[in-house]
Amino acid sequence: MKVPMVDMLAGYPPIREEIENAVKTVFNKANFILGEEVKKFEAEFAAHNGAKYCVGVANGTDALRMAYIASGIKAGDEVITSPFTFIATSETISQIGAVPVFADIDPVTFNLDPKSVEKKITKKTKAIVPVHLYGYPCDMDAFLALAKKHNLILIEDTAQAFTGKYKLGGKEWKSLGNIGHCGTYSFFPAKNLGAFGDGGAVTTNDQKIYETLVQLRNHGSKVRYHHEMEGFNSRLDTVQAAVLSIRLKHVEKWTEMRNKVAAGYAKALEGVCVTPVVPANARHSFNYYTIRFDSKAKRDNAQKHLTEQGIANQIYYPIALHLQEAYKHLGGKRGDLPVCDAVMDTVFSLPMYPELSDEQIKTVTDAVKASLKAAV
Ligand SMILES: *Cc1c(COP(=O)(O)O)cnc(C)c1O
């Protein structure tokens, strides 16, 4: 049985009519740029996360870029982030003239390790950008404490973790993205809340950051042809906002379904390989389901075996950022961030989407087990 990585159409039939009507409404009004559907979605999204403000933007990459600028990161500043993430997190740091500094990751969560971050703090450090990788919440208590102690900006890359939650101080449940100064989100189709194209957002509780973001996404202007600053053309499309409003109503249910799929995987793979362990103070959004083997050979063999059987799989991410050609000038090499090096060589991600069936889970996990038997 072939199993895809994601199946964008599996959850579509029950909401098809509602979405097609919403899109038709936008077509008929022809209010394509910053129509009322954008405002409506922003209000719904902010409410969902318990944030004061939400600004819809063109994609998750621009969300990061504009969050960095709006929260005051400038050329020459150092920004500490994870080497084990998509390049969008760091390229946007460099593109505003700041310098990405990669710290090591935690061997269990694969997220940025606060202890390693603290060692990288210098006089030039301006911000920390934890990435909730695969949907697994970062250690936000530790990052908040670090940001406070060193007076740093804290921006959460929440592209993979919308609907994820973290129990702050072991007491208060908070939506991921609503803990630091800003949270950034992507509505790329394969994320937990996917649009029918590109889209993104930033949430914040800071009025000044919010107002700057509103200007930045629209060429630095509040009033047309009056520009207090330079900005970007990076607005959330009205058609996408209309689609997102509808999908938002279902996203919690979808995350529950993802968690059920994850539980099925974990049960079937117990004692076979390392599976994600969700702590009691966190809700994982399971954008991806990533397993780890005790050697690169076993991982590579499992990957090959699954691919041969038509089971999709992917290494997120095969080359960590500090080892990428694009960051050669920063001088990173193997051994600098040993945990990250070891993790990227031994993980890979299995198919994950809400509608994945028990039969598909069995097919996938049987293939993983068979690959290990074949290896000995
Ligand atoms: C997807 C993703 C982004 C970028 O989002 P786009 O909408 O594709 O621009 C940024 N960071 C992480 C961790 C992502 O997974």
# chains A, B, ... in the order shown; residues from 1 in each chain; ligands from 1
$ select_by_dssp --residues "segment 152-358 of chain A" --states "helix (DSSP H, G or I)" --output "number ranges by chain"
A: 207-216, 238-248, 251-268, 296-308, 321-323, 325-330, 338-344, 358
$ residues_around --residues "Ile121 of chain A" --least-positions-apart "2" --cutoff "12 Å" --atoms "only C-alpha atoms" --output "MDAnalysis selection string"
chainID A and resid 77:81 100:103 114:119 123:128 146:147 149:152
$ residues_near_ligand --ligand "ligand 1" --cutoff "7 Å" --atoms "only C-alpha atoms and all ligand atoms" --output "list in words"
Asn59, Gly60, Thr61, Asp62, Thr85, Phe86, Ala88, Thr89, Val131, Leu133, Asp157, Thr158, Ala159, Gln160, Ser186, Phe187, Phe188, Asp198, Gly199 and Gly200 of chain A
$ atom_distance --atom1 "atom CA of Val26 of chain A" --atom2 "atom CA of Val239 of chain A"
6.3 Å
$ atom_distance --atom1 "atom CA of Pro14 of chain A" --atom2 "atom CA of Glu359 of chain A"
22.0 Å
$ atom_distance --atom1 "atom CA of Asp104 of chain A" --atom2 "atom CA of Phe348 of chain A"
18.7 Å
$ select_by_dssp --residues "segment 135-225 of chain A" --states "strand (DSSP E)" --output "mmCIF file with N, CA and C atoms, in the first residue's frame"
data_model
loop_
_atom_site.group_PDB
_atom_site.id
_atom_site.type_symbol
_atom_site.label_atom_id
_atom_site.label_comp_id
_atom_site.auth_asym_id
_atom_site.auth_seq_id
_atom_site.Cartn_x
_atom_site.Cartn_y
_atom_site.Cartn_z
ATOM 1 N N ILE A 153 15.192 40.008 23.031
ATOM 2 C CA ILE A 153 13.904 39.813 22.363
ATOM 3 C C ILE A 153 13.712 38.309 22.147
ATOM 4 N N LEU A 154 12.485 37.847 22.326
ATOM 5 C CA LEU A 154 12.191 36.424 22.168
ATOM 6 C C LEU A 154 11.110 36.273 21.086
ATOM 7 N N ILE A 155 11.483 35.638 19.980
ATOM 8 C CA ILE A 155 10.529 35.445 18.880
ATOM 9 C C ILE A 155 10.382 33.953 18.631
ATOM 10 N N GLU A 156 9.152 33.476 18.656
ATOM 11 C CA GLU A 156 8.911 32.041 18.476
ATOM 12 C C GLU A 156 8.582 31.745 17.016
ATOM 13 N N ASP A 157 9.400 30.920 16.368
ATOM 14 C CA ASP A 157 9.054 30.438 15.029
ATOM 15 C C ASP A 157 8.056 29.293 15.224
ATOM 16 N N LYS A 165 0.644 23.760 22.521
ATOM 17 C CA LYS A 165 0.487 24.539 23.762
ATOM 18 C C LYS A 165 1.614 24.197 24.739
ATOM 19 N N TYR A 166 1.814 25.122 25.686
ATOM 20 C CA TYR A 166 2.858 24.942 26.685
ATOM 21 C C TYR A 166 2.329 25.446 28.022
ATOM 22 N N LYS A 167 2.568 24.676 29.077
ATOM 23 C CA LYS A 167 2.086 25.062 30.401
ATOM 24 C C LYS A 167 3.170 25.872 31.093
ATOM 25 N N LEU A 168 3.009 27.175 31.027
ATOM 26 C CA LEU A 168 4.026 28.092 31.534
ATOM 27 C C LEU A 168 4.156 27.973 33.055
ATOM 28 N N GLU A 172 0.115 27.732 33.763
ATOM 29 C CA GLU A 172 -0.802 28.416 32.849
ATOM 30 C C GLU A 172 -0.621 27.917 31.413
ATOM 31 N N TRP A 173 -1.657 27.329 30.829
ATOM 32 C CA TRP A 173 -1.553 26.859 29.446
ATOM 33 C C TRP A 173 -1.536 28.041 28.488
ATOM 34 N N LYS A 174 -0.522 28.081 27.625
ATOM 35 C CA LYS A 174 -0.394 29.170 26.656
ATOM 36 C C LYS A 174 -0.258 28.568 25.269
ATOM 37 N N SER A 175 -0.825 29.241 24.280
ATOM 38 C CA SER A 175 -0.626 28.811 22.897
ATOM 39 C C SER A 175 0.804 29.109 22.481
ATOM 40 N N CYS A 182 6.872 37.986 19.960
ATOM 41 C CA CYS A 182 6.085 37.728 18.742
ATOM 42 C C CYS A 182 6.093 36.236 18.472
ATOM 43 N N GLY A 183 5.031 35.778 17.839
ATOM 44 C CA GLY A 183 5.021 34.426 17.294
ATOM 45 C C GLY A 183 4.789 34.533 15.797
ATOM 46 N N THR A 184 5.491 33.706 15.021
ATOM 47 C CA THR A 184 5.289 33.751 13.570
ATOM 48 C C THR A 184 4.752 32.408 13.100
ATOM 49 N N TYR A 185 3.883 32.457 12.093
ATOM 50 C CA TYR A 185 3.164 31.261 11.622
ATOM 51 C C TYR A 185 3.221 31.196 10.104
ATOM 52 N N SER A 186 3.125 29.972 9.604
ATOM 53 C CA SER A 186 3.053 29.750 8.162
ATOM 54 C C SER A 186 1.760 29.013 7.845
ATOM 55 N N GLY A 200 0.754 33.573 5.825
ATOM 56 C CA GLY A 200 1.473 33.575 7.092
ATOM 57 C C GLY A 200 0.870 34.605 8.027
ATOM 58 N N ALA A 201 1.355 34.639 9.252
ATOM 59 C CA ALA A 201 0.852 35.613 10.224
ATOM 60 C C ALA A 201 1.876 35.831 11.324
ATOM 61 N N VAL A 202 1.725 36.966 11.990
ATOM 62 C CA VAL A 202 2.498 37.244 13.209
ATOM 63 C C VAL A 202 1.483 37.586 14.295
ATOM 64 N N THR A 203 1.668 37.041 15.490
ATOM 65 C CA THR A 203 0.863 37.496 16.624
ATOM 66 C C THR A 203 1.778 38.173 17.634
ATOM 67 N N THR A 204 1.212 39.122 18.357
ATOM 68 C CA THR A 204 1.947 39.822 19.412
ATOM 69 C C THR A 204 0.950 40.422 20.393
#
$ residues_around --residues "Lys296 of chain A" --least-positions-apart "6" --cutoff "10 Å" --atoms "only C-alpha atoms" --output "list in words"
Ala302, Ala342, Val343, Met344, Asp345, Thr346 and Val347 of chain A
$ residues_around --residues "segment 258-269 of chain A" --least-positions-apart "6" --cutoff "7 Å" --atoms "only C-alpha atoms" --output "PyMOL selection string"
chain A and resi 275+286+289+353-354+356+361+365
$ residues_around --residues "Asp113 of chain A" --least-positions-apart "6" --cutoff "10 Å" --atoms "only C-alpha atoms" --output "list in words"
Thr81, Ser82, Ala103, Asp104, Ile105, Asp106, Pro107, Pro130, Cys138, Asp139, Ala142, Phe143 and Val339 of chain A
$ residues_around --residues "segment 327-329 of chain A" --least-positions-apart "3" --cutoff "12 Å" --atoms "only C-alpha atoms" --output "number ranges by chain"
A: 83, 87, 90-91, 94, 99-102, 319-324, 332-334
$ residues_around --residues "Val23 of chain A" --least-positions-apart "5" --cutoff "9 Å" --atoms "only C-alpha atoms" --output "PyMOL selection string"
chain A and resi 18+28+238-240+242-243
$ write_last_selection --atoms "C-alpha atoms" --output "PDB file, in the first residue's frame"
ATOM      1  CA  GLU A  18     -18.349  26.012   2.458  1.00  0.00           C
ATOM      2  CA  ASN A  28     -17.859  38.422  -6.594  1.00  0.00           C
ATOM      3  CA  THR A 238      -8.098  37.849   0.770  1.00  0.00           C
ATOM      4  CA  VAL A 239      -8.939  34.543  -0.942  1.00  0.00           C
ATOM      5  CA  GLN A 240      -6.564  32.693   1.392  1.00  0.00           C
ATOM      6  CA  ALA A 242     -11.501  33.314   3.442  1.00  0.00           C
ATOM      7  CA  VAL A 243     -10.257  29.724   3.151  1.00  0.00           C
TER       8      VAL A 243
END
$ closest_residue --among "A:Val223, A:Leu64, A:Leu248, A:Val274" --to "Ile15 of chain A" --atoms "only C-alpha atoms"
A:Leu248
$ closest_residue --among "A:Ala43, A:His219, A:Val6, A:Tyr210" --to "Pro189 of chain A" --atoms "only C-alpha atoms"
A:Val6
$ closest_residue --among "A:Ala161, A:Ile311, A:Ala70, A:Ala10" --to "Gln360 of chain A" --atoms "only C-alpha atoms"
A:Ile311
$ closest_residue --among "A:Leu193, A:Val129, A:Ala63, A:Ile96" --to "Ala241 of chain A" --atoms "only C-alpha atoms"
A:Leu193
